[in-house]
Amino acid sequence: MKIAALVSGGVDSSVVVHQLKEAGYDPVIFYIRIGMEDRNGYPDCSSEEDIEITAFIAKKYGCRMETVSLQEDYWEQVVGYTVNAVRRGLTPNPDMMCNKLIKFGVFEDKWGRDFDRIATGHYATTSGVNGKIFLSTAADKVKDQTYFLGQVDYLQVSKLMFPIGHLQKQEVRAIAAREGLPSATRKDSQGICFLGKINYNDFIRRYLGERTGEIIELETGKKLGEHKGFWFYTIGQRKGLYLSGGPWFVIRKDVRQNIIYVSCGYNTEPQYGKTVNLQEFHFITEDPWGDFPGEKEIAFKIRHTPEFTFGTVRRIGDIYRIESEDKIQGIAAGQFGVIYDTACRICIGSGIIVN
């Protein structure tokens with residue numbers, strides 16, 4: 001079996017190569033450049049250290065290594081998507097779109113077709129049920145990354161391998177340390193990949209600039225301060241408001257008038273909701289509900305967290321409406337809602353949250 005292993009230089013993807021070799025495979029290692037070098041003076045987040053470590057892994061395990069560039073594709077499809085969503089007052093998820101469009105999209109079209117499987121360091125698994133492949137959650141519930149894979153399609157998930165999905169993070173690091181891998185003690189990457197060392201607000205400022213607007217208390221209509229553009233804030237955000245007497249949370253954004261509405265307190269009612277509307281819903285393997293009317297019991301997430309929330313979903317026209325058993329903080333339009341079965345095992349699919 002011909003396997004392409006996507007390796008970034010981090011501990012997870014490094015251990016993927018070890019696991020594949022232990023299983024008797026001889027993977028070809030691919031390091032994918034998606035950074036923003038040569039773009040208005042931005043440095044590349046895919047650093048030379050990452051490439052050096054990946055090259056070390058390739059040499060240690062006797063694997064062929066290729067470095068491929070997908071910067072232009074990433075710029076057009078993921079960075080463009082991110083900026084456009086923020087401009088419209090939405091909350092984008094570039095990591096999810098990168099998986100769907102770049103790592104398992106463009107890469108597959110340009111290089112992956114020559115391979116039977118594509119292996120990655122995601123904390124996820126796959127399950128075979130009645131001859132079909134389903135995206136399934138990882139053994140490590142804290143590290144589980146199926147939320148970020150909620151937009152992959154059936155052809156993609158059928159070809160994917162997750163060699164560390166059955167391991168706990170501490171087991172992965174133990175393997176790396178035992179095998180003398182230089183990534184054994186590296187910190188996990190944080191934030192949005194393409195930003196690298198760049199501050200998120202600096203990135204947004206480069207494309208959308210600044211425009212002074214009011215910060216208003218939702219309940220009273222009182223002006224509390226000013227901000228430099230609604231695009232620097234997302235629903236549920238606490239940091240960066242610089243208001244006294246908090247904690248203050250962003251509750252609503254008026255895109256046309258450039259107003260941020262906030263509410264004070266950890267448990268203030270306007271922060272929470274129990275209804276999540278999903279548009280453009282995408283089933284990964286199949287629609288398990290078909291045309292059967294009524295509500296279906298589900299588990300779901302509206303952001304990457306270890307915890308699942310439970311509730312029901314029903315279809316209303318082109319909307320899948322989730323009614324949550326518990327109140328949810330920070331329901332943000334543009335973000336993705338990912339639905340699982342009630343056992344929190346199978347990832348059914350995802351849709352975009354709309355108001």
# chains A, B, ... in the order shown; residues from 1 in each chain; ligands from 1
$ residues_around --residues "A:Glu269" --least-positions-apart "5" --cutoff "10 Å" --atoms "only C-alpha atoms" --output "NGL selection string"
:A and (263-264 or 327 or 329)
$ residues_around --residues "A:Asn355" --least-positions-apart "5" --cutoff "9 Å" --atoms "only C-alpha atoms" --output "VMD selection string"
chain A and resid 276 to 278 331 to 333
$ write_last_selection --atoms "C-alpha atoms" --output "PDB file, in the first residue's frame"
ATOM      1  CA  VAL A 276     -28.416  26.776  16.948  1.00  0.00           C
ATOM      2  CA  ASN A 277     -29.410  27.102  13.287  1.00  0.00           C
ATOM      3  CA  LEU A 278     -27.131  25.407  10.750  1.00  0.00           C
ATOM      4  CA  ILE A 331     -23.197  31.200  19.556  1.00  0.00           C
ATOM      5  CA  ALA A 332     -21.494  33.008  16.661  1.00  0.00           C
ATOM      6  CA  ALA A 333     -22.738  33.292  13.082  1.00  0.00           C
TER       7      ALA A 333
END
$ atom_distance --atom1 "atom CA of A:Ile164" --atom2 "atom CA of A:Lys143"
11.0 Å
$ atom_distance --atom1 "atom CA of A:Glu307" --atom2 "atom CA of A:Ser136"
15.2 Å
$ select_by_dssp --residues "stretch 114-286 of chain A" --states "alpha helix (DSSP H)" --output "MDAnalysis selection string"
chainID A and resid 154:159 169:178 200:208
$ write_last_selection --atoms "N, CA and C atoms" --output "mmCIF file, in the first residue's frame"
data_model
loop_
_atom_site.group_PDB
_atom_site.id
_atom_site.type_symbol
_atom_site.label_atom_id
_atom_site.label_comp_id
_atom_site.auth_asym_id
_atom_site.auth_seq_id
_atom_site.Cartn_x
_atom_site.Cartn_y
_atom_site.Cartn_z
ATOM 1 N N TYR A 154 -16.851 12.147 1.943
ATOM 2 C CA TYR A 154 -16.695 10.703 2.098
ATOM 3 C C TYR A 154 -15.447 10.175 1.398
ATOM 4 N N LEU A 155 -15.149 10.686 0.217
ATOM 5 C CA LEU A 155 -13.956 10.235 -0.488
ATOM 6 C C LEU A 155 -12.702 10.558 0.309
ATOM 7 N N GLN A 156 -12.692 11.714 0.950
ATOM 8 C CA GLN A 156 -11.536 12.103 1.757
ATOM 9 C C GLN A 156 -11.395 11.213 2.982
ATOM 10 N N VAL A 157 -12.473 11.016 3.737
ATOM 11 C CA VAL A 157 -12.379 10.226 4.959
ATOM 12 C C VAL A 157 -12.087 8.759 4.650
ATOM 13 N N SER A 158 -12.505 8.286 3.492
ATOM 14 C CA SER A 158 -12.237 6.903 3.111
ATOM 15 C C SER A 158 -10.755 6.665 2.848
ATOM 16 N N LYS A 159 -10.037 7.728 2.519
ATOM 17 C CA LYS A 159 -8.626 7.600 2.181
ATOM 18 C C LYS A 159 -7.708 7.982 3.332
ATOM 19 N N LYS A 169 -2.279 11.639 24.280
ATOM 20 C CA LYS A 169 -1.190 12.563 23.970
ATOM 21 C C LYS A 169 0.084 12.199 24.727
ATOM 22 N N GLN A 170 -0.052 11.821 25.988
ATOM 23 C CA GLN A 170 1.133 11.474 26.766
ATOM 24 C C GLN A 170 1.832 10.245 26.204
ATOM 25 N N GLU A 171 1.065 9.344 25.591
ATOM 26 C CA GLU A 171 1.664 8.177 24.963
ATOM 27 C C GLU A 171 2.447 8.577 23.715
ATOM 28 N N VAL A 172 1.915 9.540 22.979
ATOM 29 C CA VAL A 172 2.595 10.027 21.778
ATOM 30 C C VAL A 172 3.937 10.648 22.153
ATOM 31 N N ARG A 173 3.920 11.480 23.177
ATOM 32 C CA ARG A 173 5.183 12.106 23.611
ATOM 33 C C ARG A 173 6.163 11.065 24.152
ATOM 34 N N ALA A 174 5.647 10.041 24.811
ATOM 35 C CA ALA A 174 6.520 8.994 25.329
ATOM 36 C C ALA A 174 7.195 8.230 24.196
ATOM 37 N N ILE A 175 6.452 7.964 23.132
ATOM 38 C CA ILE A 175 7.034 7.297 21.962
ATOM 39 C C ILE A 175 8.113 8.168 21.343
ATOM 40 N N ALA A 176 7.818 9.449 21.198
ATOM 41 C CA ALA A 176 8.792 10.382 20.603
ATOM 42 C C ALA A 176 10.064 10.445 21.437
ATOM 43 N N ALA A 177 9.919 10.481 22.761
ATOM 44 C CA ALA A 177 11.085 10.542 23.640
ATOM 45 C C ALA A 177 11.888 9.247 23.566
ATOM 46 N N ARG A 178 11.196 8.123 23.572
ATOM 47 C CA ARG A 178 11.866 6.823 23.508
ATOM 48 C C ARG A 178 12.652 6.651 22.221
ATOM 49 N N TYR A 200 -3.154 38.255 15.506
ATOM 50 C CA TYR A 200 -4.379 38.164 14.704
ATOM 51 C C TYR A 200 -4.928 39.538 14.350
ATOM 52 N N ASN A 201 -4.969 40.440 15.335
ATOM 53 C CA ASN A 201 -5.498 41.773 15.062
ATOM 54 C C ASN A 201 -4.634 42.537 14.067
ATOM 55 N N ASP A 202 -3.317 42.327 14.109
ATOM 56 C CA ASP A 202 -2.440 42.969 13.134
ATOM 57 C C ASP A 202 -2.743 42.472 11.724
ATOM 58 N N PHE A 203 -3.019 41.185 11.627
ATOM 59 C CA PHE A 203 -3.373 40.597 10.337
ATOM 60 C C PHE A 203 -4.669 41.208 9.795
ATOM 61 N N ILE A 204 -5.694 41.254 10.652
ATOM 62 C CA ILE A 204 -6.979 41.811 10.228
ATOM 63 C C ILE A 204 -6.838 43.298 9.901
ATOM 64 N N ARG A 205 -6.063 44.015 10.699
ATOM 65 C CA ARG A 205 -5.865 45.449 10.462
ATOM 66 C C ARG A 205 -5.241 45.702 9.092
ATOM 67 N N ARG A 206 -4.354 44.818 8.670
ATOM 68 C CA ARG A 206 -3.692 44.979 7.373
ATOM 69 C C ARG A 206 -4.702 45.012 6.224
ATOM 70 N N TYR A 207 -5.778 44.245 6.378
ATOM 71 C CA TYR A 207 -6.734 44.126 5.277
ATOM 72 C C TYR A 207 -7.999 44.955 5.453
ATOM 73 N N LEU A 208 -8.405 45.188 6.699
ATOM 74 C CA LEU A 208 -9.657 45.901 6.928
ATOM 75 C C LEU A 208 -9.473 47.257 7.585
#
$ atom_distance --atom1 "atom CA of A:Asp95" --atom2 "atom CA of A:Phe107"
15.3 Å
$ residues_around --residues "A:Val68" --least-positions-apart "6" --cutoff "12 Å" --atoms "only C-alpha atoms" --output "ChimeraX atom specification"
/A:6-8,29-35,46,51,102-103,106-107,110-112
$ select_by_dssp --residues "stretch 199-350 of chain A" --states "strand (DSSP E)" --output "number ranges by chain"
A: 213-217, 223-227, 248-254, 259-264, 272-283, 296-301, 309-316, 319-329, 336-340, 347-350
